[in-house]
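File shown here: input.pdb, holding PDB, C-alpha atoms.
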ATOM      1  CA  MET A   1       7.517 -62.645 154.999
ATOM      2  CA  GLU A   2       7.800 -61.691 158.684
ATOM      3  CA  GLN A   3       4.581 -59.658 158.538
ATOM      4  CA  LYS A   4       2.736 -62.308 156.529
ATOM      5  CA  ILE A   5       3.656 -65.049 159.008
ATOM      6  CA  ALA A   6       2.827 -62.804 161.974
ATOM      7  CA  LYS A   7      -0.611 -62.076 160.534
ATOM      8  CA  LYS A   8      -1.313 -65.786 160.002
ATOM      9  CA  LEU A   9      -0.236 -66.648 163.553
ATOM     10  CA  LEU A  10      -2.534 -63.959 164.948
ATOM     11  CA  GLU A  11      -5.485 -64.935 162.755
ATOM     12  CA  ILE A  12      -5.452 -68.576 163.858
ATOM     13  CA  GLY A  13      -4.678 -67.781 167.507
ATOM     14  CA  ALA A  14      -1.288 -69.521 167.425
ATOM     15  CA  VAL A  15       0.101 -66.400 169.065
ATOM     16  CA  PHE A  16      -2.320 -64.694 171.423
ATOM     17  CA  LEU A  17      -1.725 -61.264 172.961
ATOM     18  CA  ARG A  18      -3.515 -60.392 176.192
ATOM     19  CA  PRO A  19      -1.713 -57.488 177.923
ATOM     20  CA  ASP A  20      -4.602 -56.763 180.320
ATOM     21  CA  GLU A  21      -5.080 -60.387 181.446
ATOM     22  CA  PRO A  22      -1.652 -62.016 181.376
ATOM     23  CA  PHE A  23      -1.143 -65.739 181.010
ATOM     24  CA  ILE A  24       0.950 -67.657 183.536
ATOM     25  CA  TRP A  25       3.764 -69.672 181.986
ATOM     26  CA  ALA A  26       4.926 -72.977 183.487
ATOM     27  CA  SER A  27       7.857 -71.046 184.979
ATOM     28  CA  GLY A  28       5.403 -68.847 186.891
ATOM     29  CA  ILE A  29       6.147 -65.774 184.765
ATOM     30  CA  LYS A  30       3.113 -63.603 184.040
ATOM     31  CA  SER A  31       3.116 -63.063 180.293
ATOM     32  CA  PRO A  32       1.015 -60.894 177.947
ATOM     33  CA  VAL A  33       1.659 -63.399 175.149
ATOM     34  CA  TYR A  34       1.000 -67.085 174.662
ATOM     35  CA  CYS A  35       2.290 -69.093 171.711
ATOM     36  CA  ASP A  36       0.969 -72.460 170.513
ATOM     37  CA  ASN A  37       2.302 -73.146 167.029
ATOM     38  CA  ARG A  38       0.732 -76.623 167.045
ATOM     39  CA  LEU A  39      -2.424 -74.845 165.884
ATOM     40  CA  ILE A  40      -0.705 -74.234 162.550
ATOM     41  CA  LEU A  41      -1.065 -77.918 161.730
ATOM     42  CA  THR A  42      -4.875 -77.766 161.745
ATOM     43  CA  ALA A  43      -5.145 -74.438 159.870
ATOM     44  CA  LEU A  44      -4.599 -75.494 156.268
ATOM     45  CA  GLN A  45      -3.939 -72.109 154.674
ATOM     46  CA  ALA A  46      -1.614 -70.976 157.449
ATOM     47  CA  ARG A  47       0.135 -74.364 157.399
ATOM     48  CA  ASP A  48       0.826 -74.052 153.676
ATOM     49  CA  VAL A  49       2.325 -70.583 154.143
ATOM     50  CA  VAL A  50       4.449 -71.552 157.159
ATOM     51  CA  GLU A  51       5.808 -74.856 155.840
ATOM     52  CA  ASN A  52       6.751 -73.390 152.460
ATOM     53  CA  ALA A  53       8.418 -70.493 154.263
ATOM     54  CA  LEU A  54      10.403 -72.957 156.395
ATOM     55  CA  ALA A  55      11.517 -74.803 153.270
ATOM     56  CA  ASP A  56      12.444 -71.576 151.470
ATOM     57  CA  THR A  57      14.410 -70.398 154.507
ATOM     58  CA  VAL A  58      16.415 -73.620 154.598
ATOM     59  CA  LYS A  59      17.167 -73.305 150.869
ATOM     60  CA  THR A  60      18.178 -69.651 151.189
ATOM     61  CA  HIS A  61      20.220 -69.678 154.393
ATOM     62  CA  PHE A  62      21.393 -73.305 154.595
ATOM     63  CA  PRO A  63      21.624 -74.567 151.003
ATOM     64  CA  GLN A  64      24.077 -77.309 152.028
ATOM     65  CA  ALA A  65      21.531 -78.959 154.335
ATOM     66  CA  GLU A  66      21.434 -82.745 153.991
ATOM     67  CA  VAL A  67      18.892 -83.606 156.696
ATOM     68  CA  LEU A  68      16.333 -81.787 158.865
ATOM     69  CA  MET A  69      15.976 -82.622 162.550
ATOM     70  CA  GLY A  70      12.875 -81.556 164.458
ATOM     71  CA  THR A  71      12.784 -80.728 168.143
ATOM     72  CA  ALA A  72      10.496 -82.852 170.303
ATOM     73  CA  THR A  73       7.674 -82.555 170.243
ATOM     74  CA  ALA A  74       6.455 -79.383 168.565
ATOM     75  CA  GLY A  75       9.102 -79.237 165.847
ATOM     76  CA  ILE A  76       8.638 -82.788 164.579
ATOM     77  CA  ALA A  77       5.656 -82.276 162.278
ATOM     78  CA  HIS A  78       7.047 -79.028 160.871
ATOM     79  CA  ALA A  79      10.382 -80.706 160.130
ATOM     80  CA  ALA A  80       8.587 -83.593 158.412
ATOM     81  CA  ILE A  81       6.506 -81.350 156.163
ATOM     82  CA  ALA A  82       9.396 -79.025 155.280
ATOM     83  CA  ALA A  83      11.642 -82.019 154.564
ATOM     84  CA  SER A  84       8.992 -83.428 152.237
ATOM     85  CA  ILE A  85       8.869 -80.129 150.322
ATOM     86  CA  LEU A  86      12.668 -80.094 150.067
ATOM     87  CA  ASN A  87      12.932 -83.828 149.333
ATOM     88  CA  LEU A  88      15.304 -84.241 152.268
ATOM     89  CA  PRO A  89      15.451 -86.923 154.968
ATOM     90  CA  MET A  90      14.341 -85.961 158.464
ATOM     91  CA  GLY A  91      14.423 -87.177 162.000
ATOM     92  CA  TYR A  92      13.988 -85.725 165.444
ATOM     93  CA  VAL A  93      15.748 -85.413 168.764
ATOM     94  CA  ARG A  94      14.069 -86.561 171.946
ATOM     95  CA  SER A  95      14.292 -84.519 175.142
ATOM     96  CA  GLY A  96      16.077 -87.530 176.657
ATOM     97  CA  ALA A  97      17.225 -90.977 175.609
ATOM     98  CA  LYS A  98      14.629 -93.740 175.585
ATOM     99  CA  GLY A  99      14.761 -96.073 178.562
ATOM    100  CA  HIS A 100      14.170 -99.172 176.433
ATOM    101  CA  GLY A 101      15.095-100.753 173.102
ATOM    102  CA  ARG A 102      18.138 -99.088 171.545
ATOM    103  CA  GLU A 103      17.824 -96.173 173.989
ATOM    104  CA  ASN A 104      17.951 -93.656 171.143
ATOM    105  CA  GLN A 105      17.791 -89.935 171.688
ATOM    106  CA  ILE A 106      18.146 -89.166 167.988
ATOM    107  CA  GLU A 107      15.396 -90.823 165.948
ATOM    108  CA  GLY A 108      16.094 -91.406 162.265
ATOM    109  CA  HIS A 109      19.303 -92.282 160.454
ATOM    110  CA  LEU A 110      22.119 -89.776 160.950
ATOM    111  CA  GLU A 111      25.616 -90.230 159.577
ATOM    112  CA  CYS A 112      28.705 -88.678 161.142
ATOM    113  CA  GLY A 113      29.550 -85.446 159.338
ATOM    114  CA  GLN A 114      26.082 -84.904 157.851
ATOM    115  CA  LYS A 115      25.009 -81.286 157.526
ATOM    116  CA  VAL A 116      21.911 -80.772 159.664
ATOM    117  CA  VAL A 117      19.370 -77.978 160.107
ATOM    118  CA  VAL A 118      17.239 -78.065 163.248
ATOM    119  CA  VAL A 119      13.557 -77.132 162.885
ATOM    120  CA  GLU A 120      12.058 -75.465 165.958
ATOM    121  CA  ASP A 121       8.600 -74.006 166.484
ATOM    122  CA  LEU A 122       9.451 -71.363 169.084
ATOM    123  CA  ILE A 123      12.561 -69.672 170.481
ATOM    124  CA  SER A 124      12.429 -67.975 173.890
ATOM    125  CA  THR A 125      15.587 -68.450 175.981
ATOM    126  CA  ALA A 126      16.776 -71.026 173.395
ATOM    127  CA  GLY A 127      17.809 -73.474 176.122
ATOM    128  CA  SER A 128      16.001 -76.525 174.725
ATOM    129  CA  SER A 129      17.084 -75.711 171.163
ATOM    130  CA  ILE A 130      20.732 -75.518 172.222
ATOM    131  CA  GLU A 131      20.413 -78.891 173.968
ATOM    132  CA  VAL A 132      19.184 -80.431 170.710
ATOM    133  CA  VAL A 133      22.117 -78.928 168.796
ATOM    134  CA  GLU A 134      24.563 -80.261 171.387
ATOM    135  CA  VAL A 135      23.104 -83.768 171.121
ATOM    136  CA  LEU A 136      23.496 -83.668 167.336
ATOM    137  CA  ARG A 137      27.025 -82.293 167.555
ATOM    138  CA  SER A 138      27.953 -85.046 170.014
ATOM    139  CA  ALA A 139      26.698 -87.584 167.457
ATOM    140  CA  GLY A 140      29.093 -86.134 164.884
ATOM    141  CA  ALA A 141      26.647 -84.001 162.895
ATOM    142  CA  GLU A 142      27.612 -80.635 161.467
ATOM    143  CA  VAL A 143      24.756 -78.411 162.613
ATOM    144  CA  LEU A 144      24.414 -75.537 160.159
ATOM    145  CA  GLY A 145      21.813 -73.757 162.271
ATOM    146  CA  ILE A 146      18.207 -73.547 163.391
ATOM    147  CA  VAL A 147      15.140 -72.519 161.435
ATOM    148  CA  SER A 148      12.276 -71.520 163.744
ATOM    149  CA  ILE A 149       8.752 -70.317 163.155
ATOM    150  CA  PHE A 150       8.730 -67.602 165.812
ATOM    151  CA  THR A 151      11.117 -65.976 168.253
ATOM    152  CA  TYR A 152      10.409 -63.682 171.182
ATOM    153  CA  GLY A 153      13.754 -61.977 170.568
ATOM    154  CA  MET A 154      14.565 -62.068 174.273
ATOM    155  CA  ARG A 155      18.026 -60.792 175.145
ATOM    156  CA  ARG A 156      18.852 -63.975 177.044
ATOM    157  CA  GLY A 157      17.907 -66.148 174.079
ATOM    158  CA  ILE A 158      20.006 -64.114 171.671
ATOM    159  CA  GLU A 159      23.011 -64.258 174.002
ATOM    160  CA  ASN A 160      22.607 -68.005 174.595
ATOM    161  CA  LEU A 161      22.616 -68.700 170.852
ATOM    162  CA  GLN A 162      25.635 -66.473 170.308
ATOM    163  CA  ASN A 163      27.572 -68.171 173.110
ATOM    164  CA  ALA A 164      26.745 -71.588 171.668
ATOM    165  CA  LYS A 165      27.775 -70.385 168.180
ATOM    166  CA  ILE A 166      24.402 -71.257 166.679
ATOM    167  CA  LYS A 167      22.757 -69.342 163.846
ATOM    168  CA  ASN A 168      18.968 -69.069 164.113
ATOM    169  CA  ILE A 169      16.671 -67.779 161.378
ATOM    170  CA  SER A 170      13.060 -67.189 162.432
ATOM    171  CA  LEU A 171      10.145 -66.698 160.076
ATOM    172  CA  SER A 172       8.777 -63.953 162.311
ATOM    173  CA  ASN A 173       9.495 -62.289 165.624
ATOM    174  CA  PHE A 174       7.864 -60.548 168.559
ATOM    175  CA  ASP A 175       8.499 -56.973 167.405
ATOM    176  CA  VAL A 176       6.968 -57.580 163.975
ATOM    177  CA  LEU A 177       4.055 -59.447 165.507
ATOM    178  CA  VAL A 178       3.264 -56.642 167.957
ATOM    179  CA  GLN A 179       3.205 -54.019 165.216
ATOM    180  CA  THR A 180       1.141 -56.309 162.982
ATOM    181  CA  ALA A 181      -1.278 -56.843 165.862
ATOM    182  CA  VAL A 182      -1.756 -53.068 166.126
ATOM    183  CA  ASN A 183      -2.239 -52.692 162.375
ATOM    184  CA  GLU A 184      -4.793 -55.509 162.273
ATOM    185  CA  GLY A 185      -6.716 -54.335 165.352
ATOM    186  CA  PHE A 186      -5.791 -57.188 167.703
ATOM    187  CA  ILE A 187      -4.345 -54.753 170.274
ATOM    188  CA  LYS A 188      -4.147 -50.985 170.741
ATOM    189  CA  GLU A 189      -1.152 -48.739 170.155
ATOM    190  CA  LYS A 190      -0.947 -48.036 173.903
ATOM    191  CA  ASP A 191      -0.194 -51.726 174.513
ATOM    192  CA  VAL A 192       3.016 -51.726 172.448
ATOM    193  CA  ALA A 193       5.287 -50.237 175.120
ATOM    194  CA  LYS A 194       4.063 -52.791 177.690
ATOM    195  CA  LEU A 195       4.679 -55.707 175.363
ATOM    196  CA  LEU A 196       8.165 -54.591 174.371
ATOM    197  CA  LYS A 197       9.070 -53.976 178.012
ATOM    198  CA  PHE A 198       8.027 -57.546 178.784
ATOM    199  CA  ARG A 199      10.136 -58.811 175.888
ATOM    200  CA  ASN A 200      13.178 -56.968 177.250
ATOM    201  CA  ASN A 201      12.885 -58.563 180.694
ATOM    202  CA  PRO A 202      10.109 -61.142 181.280
ATOM    203  CA  ASN A 203      11.053 -61.442 184.961
ATOM    204  CA  ASP A 204      10.316 -57.756 185.604
ATOM    205  CA  GLU A 205       6.569 -57.445 186.181
ATOM    206  CA  SER A 206       6.700 -53.657 186.043
ATOM    207  CA  TRP A 207       5.596 -53.947 182.400
ATOM    208  CA  ARG A 208       2.069 -54.320 183.805
ATOM    209  CA  ASP A 209       2.093 -50.831 185.399
TER     210      ASP A 209
END

Go through the file and emit its structure as structure tokens.
Amino acid sequence: MEQKIAKKLLEIGAVFLRPDEPFIWASGIKSPVYCDNRLILTALQARDVVENALADTVKTHFPQAEVLMGTATAGIAHAAIAASILNLPMGYVRSGAKGHGRENQIEGHLECGQKVVVVEDLISTAGSSIEVVEVLRSAGAEVLGIVSIFTYGMRRGIENLQNAKIKNISLSNFDVLVQTAVNEGFIKEKDVAKLLKFRNNPNDESWRD
């Protein structure tokens, strides 16, 4: 599954590798990879593969799930489609409470004690995902874990999830994607070491040397 998802993400440009002309992230980090999983929604074949894989992953790893909660904004549509496949209710968690009306941060009905799985599109340092889990826990939900489409596998992200006692299952990951990119001709074998060095420490620009 990891290779199949990685290939789909590469084919539709949802994950783009450019080791010789790095992208600049909002944080200012120069990165050889850029991920935009929103493109999955407009690529019908890839969408079918990804959403069914999300649903299967929930069934396999979190069979007790009673509701899916998407992360705002990129996880919302994926949570909705996967929940439809699983015939489960869904909602989503805002990045902050609304400043009007009922001032909700959690949208959708959630009962205290309900078993929740969070649907996320991308895991890097996992900071925003952990915030969502904490909001749900504060509301009385039992968060079983996170199902994400892709993870960079960064050391900081792994440690943050472990410290927060959160289980994350990703459909694919950076290491698999890099090797798939070589096999499919998206990058050259010589680029692999650079990309993995970036993954190990994104703040160290020596990966470009």

**OP:** May I ask which of the residues A:Gly185, A:Leu195, A:Met69, A:Gly96 is the closest one to A:Val133, counting all atoms listed in the file?
**Re:**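 Closest to A:Val133 of all the choices is A:Met69.
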
Subject >> Selection under test: the PyMOL selection byres ((chain A and resi 11) around 12); residues as a PyMOL selection string >> reply: chain A and resi 4-10+12-17+39-40+43+45-46+177+180-181+184-186

Subject >> Nearby residues (only C-alpha atoms) at most 10 Å from A:Ala65, same-chain spacing under 5 positions excluded, as a PyMOL selection string >> reply: chain A and resi 58-59+86+88+114-118+142-145

Original post:
What is the distance, in Å and to one decimal place, between atom CA of A:Met90 and atom CA of A:Tyr152?
Top reply: 26.0 Å

Subject >> A:Asn104, A:Asn200, A:Ser27, A:Ser172 ranked by distance to A:Val50, top pick (using only C-alpha atoms) >> reply: A:Ser172

Subject >> Selection dump of the PyMOL selection byres ((chain A and resi 194) around 9), as a list of chain:residue names >> reply: A:Pro19, A:Pro32, A:Lys190, A:Asp191, A:Val192, A:Ala193, A:Leu195, A:Leu196, A:Lys197, A:Phe198, A:Arg199, A:Ser206, A:Trp207, A:Arg208, A:Asp209

Original post:
Between atom CA of A:Ile166 and atom CA of A:Lys30, what is the distance, to one decimal in Å?
Top reply: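 Computing the Euclidean distance for atom CA of A:Ile166 and atom CA of A:Lys30 yields 28.5 Å.
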
Original post:
Which residues fall under the PyMOL selection byres ((chain A and resi 71) around 9) in this file, as a ChimeraX atom specification?
Top reply: /A:69-70,72-76,79,92-95,118-121,128-129,132

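The coordinates place atom CA of A:Asn203 at 18.8 Å from atom CA of A:Leu122.
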
**OP:** Using all atoms listed in the file, determine which residues lie at most 9 Å from A:Ile81, disregarding the query and same-chain residues fewer than 6 positions distant; provide the list as a VMD selection string.
**Re:** chain A and resid 51 to 52 55

Subject >> Which of A:Ile123, A:Gln179, A:Thr57, A:Leu68 sits closest to A:Ala80 [using all atoms listed in the file] >> reply: A:Leu68

Original post:
Which one is closest to A:Leu136: A:His109, A:His61, A:Arg18, A:Arg38? Count all atoms listed in the file.
Top reply: A:His109
